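Data first, discussion second: the structure below is written as structure tokens.
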Amino acid sequence: MTGRLQGKVAIVTGAGCVGPGWGNGRAMAVRFAQEGARVWAVDIDLSSMDETLERAGAARSAITPYRCDVTDSAAIAGLVNACLDQHGRIDILVNNVGTPVPGGPVKLSEADWQRQIDINLSTVFLTCKQVIPVMQTQGAGAIVNIASTSGQRYTGAAQVGYATAKAGVIQFARVVAVEHAKDGIRINTVVPGQLHTPLVDAILAGNQSAGDVDVLLKRRQSRIPLPFMGDGRDTANAALFLASDEARFITGTEIVVDGGMSVRCD
Ligand SMILES: NC(=O)c1ccc[n+]([C@@H]2O[C@H](COP(=O)([O-])OP(=O)(O)OC[C@H]3O[C@@H](n4cnc5c(N)ncnc54)[C@H](O)[C@@H]3O)[C@@H](O)[C@H]2O)c1
């Protein structure tokens, strides 16, 4: 612990995980708590939150698990009020909830397209809508959104709803950054590439028609210049920096966490 978020109150959405291991939301909740923040670990399903608390070790008492569906603005209002009742402020908001569904415009159903926009993009709008006024009153705040390299380029799978929504997340932050800079609010985006997280294992296992999971993981690795795949802790390190006062002059931009995948063209 070095106290890089000492005294801050943070909301991290999607702080559980689809399986055992270092998912992005879990890793951010744990790392933020270990750096001194009081973390509201938000998830629609609290069944995996015990592992998040276990992984936080001595910092587990700084984490408050909170059940909330962040596609539901009334539920978000409940979250914001509960957090304010407890701490009187919200210094950091991390928008991490999101998940891909494969398919281009022909294959993807209208319902799945709408769900992809709702879960990957509208969640960011809905939480910001209610948290930014709190940060305005405080005259300070840091928001970190979790996008994906799929929002910047084609990364090997036609998932047009996900890619479009994640591109929207990146641009959302740029526009909001300019509008709310005068309020002392910073908003930035972490852009993870092809990590090895429980979410990826679950997706690959569910897509057995594409081949064996180990073969699929090797294919993902082959796109990455660094000789390993990152995990949620790498996303968390970038988010920690952007959420902390070390990034006080940084807003409206992105940190790509992809082992160099985006900059290669061979
Ligand atoms: N894993 C990767 O390789 C990778 C790569 C790029 C981007 N990302 C992005 O990272 C983010 C998530 O990563 P993760 O590892 O934490 O995923 P995860 O699926 O393991 O965990 C996300 C959590 O969000 C929760 N959740 C789902 N819908 C919710 C809702 N409506 N309200 C509240 N909680 C909800 C789930 O219950 C789950 O516990 C996503 O935005 C994803 O697009 C992941």
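Just so we're on the same page: first chain in the structure tokens is A, next is B, and so on; residues restart at 1 for each chain, and ligands are numbered from 1 in the order they show up.
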* Kindly compile the residues surrounding ligand 1 within 7 Å, counting only C-alpha atoms and all ligand atoms, and format them as a ChimeraX atom specification. => /A:13-19,23-26,42-45,48,68-71,96-100,119-120,146-149,191-200,232
If you keep C-alpha atoms, can you produce a file of those selected residues as a PDB file, in the first residue's frame?
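out-v2.pdb, freshly written:
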ATOM      1  CA  THR A  13     -19.141  -0.943 -11.413  1.00  0.00           C
ATOM      2  CA  GLY A  14     -18.946  -4.616 -12.318  1.00  0.00           C
ATOM      3  CA  ALA A  15     -16.630  -5.337  -9.391  1.00  0.00           C
ATOM      4  CA  GLY A  16     -17.535  -9.018  -9.281  1.00  0.00           C
ATOM      5  CA  CYS A  17     -16.343 -11.373 -11.992  1.00  0.00           C
ATOM      6  CA  VAL A  18     -17.750 -14.098 -14.242  1.00  0.00           C
ATOM      7  CA  GLY A  19     -15.246 -16.601 -12.830  1.00  0.00           C
ATOM      8  CA  GLY A  23     -11.261  -9.703 -13.913  1.00  0.00           C
ATOM      9  CA  ASN A  24     -10.990  -5.988 -14.613  1.00  0.00           C
ATOM     10  CA  GLY A  25     -13.658  -4.746 -12.197  1.00  0.00           C
ATOM     11  CA  ARG A  26     -12.467  -7.017  -9.400  1.00  0.00           C
ATOM     12  CA  VAL A  42     -21.094  -2.519  -7.424  1.00  0.00           C
ATOM     13  CA  ASP A  43     -22.488  -5.519  -9.239  1.00  0.00           C
ATOM     14  CA  ILE A  44     -25.855  -6.809 -10.411  1.00  0.00           C
ATOM     15  CA  ASP A  45     -24.895 -10.185  -8.906  1.00  0.00           C
ATOM     16  CA  SER A  48     -18.726 -13.481  -6.837  1.00  0.00           C
ATOM     17  CA  CYS A  68     -27.145  -2.462  -8.402  1.00  0.00           C
ATOM     18  CA  ASP A  69     -28.127  -2.879 -12.039  1.00  0.00           C
ATOM     19  CA  VAL A  70     -26.384   0.019 -13.784  1.00  0.00           C
ATOM     20  CA  THR A  71     -28.768  -0.148 -16.747  1.00  0.00           C
ATOM     21  CA  ASN A  96     -16.455  -1.066 -16.059  1.00  0.00           C
ATOM     22  CA  VAL A  97     -19.654  -2.982 -16.885  1.00  0.00           C
ATOM     23  CA  GLY A  98     -19.688  -4.342 -20.431  1.00  0.00           C
ATOM     24  CA  THR A  99     -19.645  -7.530 -22.438  1.00  0.00           C
ATOM     25  CA  PRO A 100     -19.447  -8.483 -26.138  1.00  0.00           C
ATOM     26  CA  ILE A 119     -24.924  -2.514 -21.449  1.00  0.00           C
ATOM     27  CA  ASN A 120     -21.716  -1.145 -22.999  1.00  0.00           C
ATOM     28  CA  ILE A 146     -13.281   0.919 -19.517  1.00  0.00           C
ATOM     29  CA  ALA A 147     -13.530   0.606 -23.308  1.00  0.00           C
ATOM     30  CA  SER A 148     -11.764  -1.916 -25.572  1.00  0.00           C
ATOM     31  CA  THR A 149      -9.359  -1.898 -28.515  1.00  0.00           C
ATOM     32  CA  VAL A 191      -8.625   0.736 -23.537  1.00  0.00           C
ATOM     33  CA  PRO A 192      -7.739  -2.891 -22.787  1.00  0.00           C
ATOM     34  CA  GLY A 193      -6.706  -5.176 -25.605  1.00  0.00           C
ATOM     35  CA  GLN A 194      -6.821  -8.946 -25.647  1.00  0.00           C
ATOM     36  CA  LEU A 195      -6.376  -9.786 -21.980  1.00  0.00           C
ATOM     37  CA  HIS A 196      -6.578 -13.184 -20.365  1.00  0.00           C
ATOM     38  CA  THR A 197      -9.395 -12.750 -17.852  1.00  0.00           C
ATOM     39  CA  PRO A 198     -12.181 -15.070 -16.611  1.00  0.00           C
ATOM     40  CA  LEU A 199     -14.538 -13.231 -19.020  1.00  0.00           C
ATOM     41  CA  VAL A 200     -12.352 -14.242 -21.962  1.00  0.00           C
ATOM     42  CA  GLY A 232      -7.354  -7.333 -14.927  1.00  0.00           C
TER      43      GLY A 232
END
Show me, as a short mmCIF file (atom, residue, chain, number, x, y, z; two decimals) with C-alpha atoms, in the first residue's frame, the residues that have an atom within 9 Å of Asn188 in chain A when counting only C-alpha atoms, minus same-chain residues fewer than 4 positions from it.
data_model
loop_
_atom_site.label_atom_id
_atom_site.label_comp_id
_atom_site.auth_asym_id
_atom_site.auth_seq_id
_atom_site.Cartn_x
_atom_site.Cartn_y
_atom_site.Cartn_z
CA ALA A 142 -12.26 11.65 -11.63
CA ILE A 143 -14.14 9.30 -13.94
CA VAL A 144 -12.51 6.34 -15.66
CA ASN A 145 -14.34 4.36 -18.32
CA ILE A 146 -13.28 0.92 -19.52
CA ILE A 170 -14.14 6.70 -25.91
CA ALA A 173 -15.26 10.77 -22.41
CA ARG A 174 -13.63 13.25 -24.77
CA ALA A 177 -13.97 16.05 -20.46
CA ALA A 239 -7.15 3.05 -14.06
CA LEU A 242 -5.99 8.01 -14.18
CA ALA A 243 -8.17 8.07 -11.05
CA ILE A 250 -4.84 14.52 -17.87
CA THR A 251 -8.40 14.50 -19.18
CA GLY A 252 -10.26 13.46 -22.32
CA THR A 253 -7.73 10.86 -23.36
CA GLU A 254 -7.03 7.14 -23.39
CA ILE A 255 -4.44 4.68 -22.10
#
Nearby residues (only C-alpha atoms) at most 10 Å from range 35-38 of chain A, same-chain spacing under 6 positions excluded, as a short mmCIF file (atom, residue, chain, number, x, y, z; two decimals) with C-alpha atoms, in the first residue's frame:
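Ended up saving to selection.cif:
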data_model
loop_
_atom_site.label_atom_id
_atom_site.label_comp_id
_atom_site.auth_asym_id
_atom_site.auth_seq_id
_atom_site.Cartn_x
_atom_site.Cartn_y
_atom_site.Cartn_z
CA MET A 1 0.00 0.00 0.00
CA THR A 2 1.31 3.43 -0.90
CA GLY A 3 -1.85 5.49 -0.37
CA ARG A 4 -2.19 6.79 -3.91
CA LEU A 5 -5.98 7.08 -3.37
CA GLN A 6 -5.89 7.84 0.35
CA GLY A 7 -9.15 9.39 1.57
CA LYS A 8 -10.98 9.01 -1.75
CA VAL A 9 -14.42 7.48 -2.16
CA ALA A 10 -14.72 5.37 -5.32
CA ILE A 11 -17.54 3.59 -7.10
CA ALA A 29 -11.84 -2.59 -6.67
CA ALA A 59 -7.93 -3.89 2.62
CA ARG A 60 -11.20 -5.84 2.43
CA SER A 61 -12.80 -3.69 5.13
CA ALA A 62 -12.47 -0.70 2.78
CA ILE A 63 -14.77 -2.40 0.26
CA THR A 64 -18.57 -2.10 0.43
CA HIS A 87 -19.43 9.21 2.96
CA ILE A 90 -17.95 10.54 -4.53
CA ASP A 91 -14.41 11.23 -5.74
CA ILE A 92 -13.99 8.48 -8.33
CA LEU A 240 -5.43 3.71 -10.73
CA SER A 244 -5.38 9.43 -8.84
#
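The space separating CA of Gly230 in chain A from CA of Val213 in chain A comes to 16.9 Å.
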* To do: Considering only C-alpha atoms, return as a list in words whatever protein or nucleic-acid residues lie within 10 Å of Gln152 in chain A, sequence-local ones (same chain, fewer than 6 positions apart) excluded.
  => Ala163, Thr164, Lys166, Ala167, Gly168, Ile170, Val191 and Ser262 of chain A
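Using only C-alpha atoms, the contacts of Pro133 in chain A at a cut-off of 12 Å, with sequence neighbours closer than 6 positions omitted, comprise Val80, Arg89, Ile90, Asp91, Thr127, Gly139, Ala140, Gly141, His180, Asp183, Gly184 and Ile185 of chain A.
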* To do: Measuring atom to atom with only C-alpha atoms, identify which of A:Arg55, A:Arg264, A:Arg220, A:Arg115 is nearest to Met28 in chain A.
  => A:Arg55
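Distances here use only C-alpha atoms; by that measure, the residue among A:Gly161, A:Gly260, A:Pro20, A:Gly78 closest to Pro102 in chain A is A:Gly161.
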